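Only one structure is covered here, and it is reproduced in the block below.
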Amino acid sequence: MSKLGDDELALIISSVIDQNDRQSFSLVCKQWLNVEGQTRLSIRVFEPELLHKFLHRFPNLSTFESSKRITNNHLEFIANTCPKLEFLNLKQQSVESQKLDEFDDLLDFDDVGVLAIANGCCKLCKVLFRRRRRIGNVGVISLVKCAQSLSVLDLGRCSLINDSSLEAIGCMNSIRALNLEGCSLVTDKGLSFLATGSSSRTLKRLVLAECDRLTDFGMSLLQGMCCLEELNLAECGPKVTDNGGMAVASIASLKRMNLSWLINVSDITLVAIAGNCRNLVALDLTGCEMITGAGIRALGYHECLESLVLASCYNICWDDVDMVLKCKSLRSIVLDKGLKMWIPMRMQENISRFCQLHWR
């Protein structure tokens, strides 16, 4: 039998999906080790300080993931070694972020590292920088200009991001999903860039949770986003009222909406949503204190609604819930646990026959 060449080995390992099996494959000999590295497309790194020892084995990576602290030097090395990256996931979970002390935070990458990635990995389609607190506008602007195919960008909890970044993002014609949760420096001006630029014709998912400088005027600008399917306005503050609520309710393409803890949004908004957002499948009204039975009842005739969250909505009663359950498409409903004692167990069991009932 003749010796298998690299091409033949590559064909064999391309059908091996299990990572443990790939690891076993790489242990056979140096040739098999090299082939495994050349054909690997994704990697998750738990010890970035060791990158220089092993990353050169994987020049064809399309996905790189790590939630650990990564320095600018690390990102420069990644950019030089893996120019074919399409998915860069460096988001930190809240637990990981809390573990970093002030010294660790100072060592984490900033705009210098993002610039290296922008210049070296122009094929990026999806970038997650959630909770990387040292990233600023310079890095983001460079990234969106260099990565012409970028469709998903997560900047949640990147507290240095402001309207300057949104001006650059607004010019993109590839962006599909943008997460700005907790970016408290974002204002209505930033939304105007998103709503009037090329992004207004491509954005399908927009997260603005906890962007508490936004007002009703900013909400009115969102009406220009003709393709928007998911909008998260949770905890955007008291400056978003029914005027803003009615504005977003006019976006007929919306399928998912989160209005949690908008304390100045009332039944007026809910009636508008019920009448205009005919494609809506999920609505979260947690903590909307001004919502009453009148607004909830308007949803009873909705034809697409599948999920409804009413936790911490204290001005509704069982009769209101009974009315909304007439919505034949409803599959899940979350009610405030304080209401549980007023609903007989037999009725709760009856509800569960038609949709999932949860208490919060």
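Within each chain, counting starts at residue 1; across the structure tokens, chains are named A, B, ... in the order shown, with ligands numbered 1 upward in that order.
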* **stretch 277-291 of chain A surroundings by only C-alpha atoms, 7 Å radius, close-in-sequence under 2 positions cut, as an MDAnalysis selection string** => chainID A and resid 249 251:267 273:275 295 304:315
*From the DSSP assignment of the backbone, select every residue of stretch 295-333 of chain A that is strand (DSSP E or B), and format the answer as a PyMOL selection string.*
chain A and resi 307-310+315+332-333
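Per DSSP on the backbone, alpha helix (DSSP H) in stretch 182-216 of chain A comprises Asp188, Lys189, Gly190, Leu191, Ser192, Phe193, Leu194, Ala195, Thr196 and Asp216 of chain A.
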Just write the chosen residues, N, CA, C and O atoms, as an mmCIF file, in the first residue's frame.
data_model
loop_
_atom_site.group_PDB
_atom_site.id
_atom_site.type_symbol
_atom_site.label_atom_id
_atom_site.label_comp_id
_atom_site.auth_asym_id
_atom_site.auth_seq_id
_atom_site.Cartn_x
_atom_site.Cartn_y
_atom_site.Cartn_z
ATOM 1 N N ASP A 188 -29.734 59.959 20.815
ATOM 2 C CA ASP A 188 -30.608 60.006 19.649
ATOM 3 C C ASP A 188 -29.822 60.312 18.369
ATOM 4 O O ASP A 188 -30.180 59.837 17.279
ATOM 5 N N LYS A 189 -28.767 61.087 18.503
ATOM 6 C CA LYS A 189 -27.955 61.415 17.335
ATOM 7 C C LYS A 189 -27.373 60.148 16.710
ATOM 8 O O LYS A 189 -27.338 60.004 15.485
ATOM 9 N N GLY A 190 -26.918 59.245 17.562
ATOM 10 C CA GLY A 190 -26.385 57.981 17.069
ATOM 11 C C GLY A 190 -27.445 57.178 16.331
ATOM 12 O O GLY A 190 -27.173 56.577 15.280
ATOM 13 N N LEU A 191 -28.676 57.171 16.864
ATOM 14 C CA LEU A 191 -29.761 56.452 16.197
ATOM 15 C C LEU A 191 -30.081 57.054 14.835
ATOM 16 O O LEU A 191 -30.456 56.343 13.904
ATOM 17 N N SER A 192 -29.893 58.369 14.726
ATOM 18 C CA SER A 192 -30.169 59.011 13.433
ATOM 19 C C SER A 192 -29.226 58.492 12.359
ATOM 20 O O SER A 192 -29.622 58.352 11.201
ATOM 21 N N PHE A 193 -27.982 58.186 12.724
ATOM 22 C CA PHE A 193 -27.034 57.626 11.757
ATOM 23 C C PHE A 193 -27.482 56.236 11.296
ATOM 24 O O PHE A 193 -27.384 55.898 10.118
ATOM 25 N N LEU A 194 -27.975 55.435 12.251
ATOM 26 C CA LEU A 194 -28.434 54.086 11.908
ATOM 27 C C LEU A 194 -29.698 54.119 11.058
ATOM 28 O O LEU A 194 -29.872 53.303 10.152
ATOM 29 N N ALA A 195 -30.570 55.070 11.366
ATOM 30 C CA ALA A 195 -31.886 55.099 10.731
ATOM 31 C C ALA A 195 -31.892 55.760 9.360
ATOM 32 O O ALA A 195 -32.820 55.556 8.578
ATOM 33 N N THR A 196 -30.856 56.546 9.067
ATOM 34 C CA THR A 196 -30.832 57.252 7.776
ATOM 35 C C THR A 196 -29.735 56.742 6.854
ATOM 36 O O THR A 196 -29.710 57.096 5.674
ATOM 37 N N ASP A 216 -37.928 59.878 23.127
ATOM 38 C CA ASP A 216 -38.973 59.609 22.145
ATOM 39 C C ASP A 216 -38.543 60.010 20.739
ATOM 40 O O ASP A 216 -38.921 59.367 19.754
#
Q. Leaving out stretch 41-44 of chain A and any residue of its chain fewer than 6 positions from it, which residues lie within 9 Å of it when counting only C-alpha atoms, given as an MDAnalysis selection string?
A. chainID A and resid 58:67 85
Output of the above residues as a short mmCIF file (atom, residue, chain, number, x, y, z; two decimals), in the first residue's frame, restricted to N, CA and C atoms:
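Resulting contents of again_29.cif:
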data_model
loop_
_atom_site.label_atom_id
_atom_site.label_comp_id
_atom_site.auth_asym_id
_atom_site.auth_seq_id
_atom_site.Cartn_x
_atom_site.Cartn_y
_atom_site.Cartn_z
N PHE A 58 -2.62 26.27 12.84
CA PHE A 58 -4.00 26.40 12.34
C PHE A 58 -4.16 27.65 11.47
N PRO A 59 -3.51 27.71 10.34
CA PRO A 59 -3.56 28.91 9.50
C PRO A 59 -4.88 29.13 8.77
N ASN A 60 -5.73 28.09 8.72
CA ASN A 60 -6.98 28.19 7.96
C ASN A 60 -8.21 28.35 8.84
N LEU A 61 -8.01 28.75 10.08
CA LEU A 61 -9.14 28.93 10.99
C LEU A 61 -10.13 29.95 10.45
N SER A 62 -11.42 29.64 10.59
CA SER A 62 -12.47 30.60 10.26
C SER A 62 -13.16 31.11 11.52
N THR A 63 -12.96 30.38 12.64
CA THR A 63 -13.60 30.76 13.91
C THR A 63 -12.58 30.74 15.04
N PHE A 64 -12.52 31.83 15.80
CA PHE A 64 -11.64 31.91 16.97
C PHE A 64 -12.47 32.40 18.14
N GLU A 65 -12.40 31.68 19.27
CA GLU A 65 -13.18 32.04 20.45
C GLU A 65 -12.31 32.04 21.70
N SER A 66 -12.50 33.03 22.54
CA SER A 66 -11.86 33.06 23.86
C SER A 66 -12.54 34.12 24.72
N SER A 67 -12.86 33.74 25.95
CA SER A 67 -13.47 34.68 26.89
C SER A 67 -12.45 35.18 27.92
N LEU A 85 -10.02 34.40 9.17
CA LEU A 85 -11.08 34.41 10.19
C LEU A 85 -12.35 35.07 9.68
#
Query - Near-A:Lys123 list (9 Å; only C-alpha atoms; drop same-chain fewer than 4 positions) as a list in words - result: Pro83, Lys84, Leu85, Glu86, Phe87, Cys146, Ala147, Gln148, Ser149 and Leu150 of chain A
Same residues, N, CA and C atoms, output as a compact mmCIF listing (two decimals), in the first residue's frame:
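Final output, saved to selection-v9.txt:
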# COMPACT_ATOMS: atom_id res chain seq x y z
N PRO A 83 -5.46 34.94 8.88
CA PRO A 83 -6.10 35.99 8.06
C PRO A 83 -7.46 35.60 7.48
N LYS A 84 -7.81 34.30 7.58
CA LYS A 84 -9.07 33.84 7.00
C LYS A 84 -10.23 33.83 8.00
N LEU A 85 -10.02 34.40 9.17
CA LEU A 85 -11.08 34.41 10.19
C LEU A 85 -12.35 35.07 9.68
N GLU A 86 -13.49 34.42 9.98
CA GLU A 86 -14.80 34.98 9.65
C GLU A 86 -15.62 35.25 10.90
N PHE A 87 -15.32 34.52 11.99
CA PHE A 87 -16.06 34.67 13.25
C PHE A 87 -15.06 34.84 14.38
N CYS A 146 -12.95 48.17 7.39
CA CYS A 146 -12.12 47.12 6.77
C CYS A 146 -12.88 45.83 6.52
N ALA A 147 -13.78 45.47 7.43
CA ALA A 147 -14.53 44.21 7.30
C ALA A 147 -15.82 44.48 6.52
N GLN A 148 -15.75 44.45 5.22
CA GLN A 148 -16.87 44.82 4.37
C GLN A 148 -18.02 43.82 4.42
N SER A 149 -17.77 42.61 4.95
CA SER A 149 -18.82 41.59 5.03
C SER A 149 -19.38 41.44 6.43
N LEU A 150 -19.01 42.33 7.33
CA LEU A 150 -19.44 42.22 8.73
C LEU A 150 -20.95 42.34 8.85
_All residues 10 Å or closer to A:Leu357, only C-alpha atoms, same chain fewer than 3 positions away omitted, as a list in words_ =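 Counting only C-alpha atoms, the residues come to Arg331, Ser332, Ile333, Val334, Leu335, Gln348, Glu349, Ile351, Ser352, Arg353 and Phe354 of chain A.
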- Item | Surrounding residues of stretch 199-202 of chain A excluding itself and chain neighbours under 3 positions, 10 Å, only C-alpha atoms, as number ranges by chain | A: 151, 166, 168-177, 192-196, 205, 222-228
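If you measure from each of A:Val207, A:Met345, A:Cys183, A:Val140 to A:Cys158 using only C-alpha atoms, the closest one turns out to be A:Cys183.
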Computed gap from atom CA of A:Leu160 to atom CA of A:Glu76 is 21.6 Å
*atom CA of A:Ala298 and atom CA of A:Gln356, how far apart in Å?*
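A separation of 20.5 Å between them.
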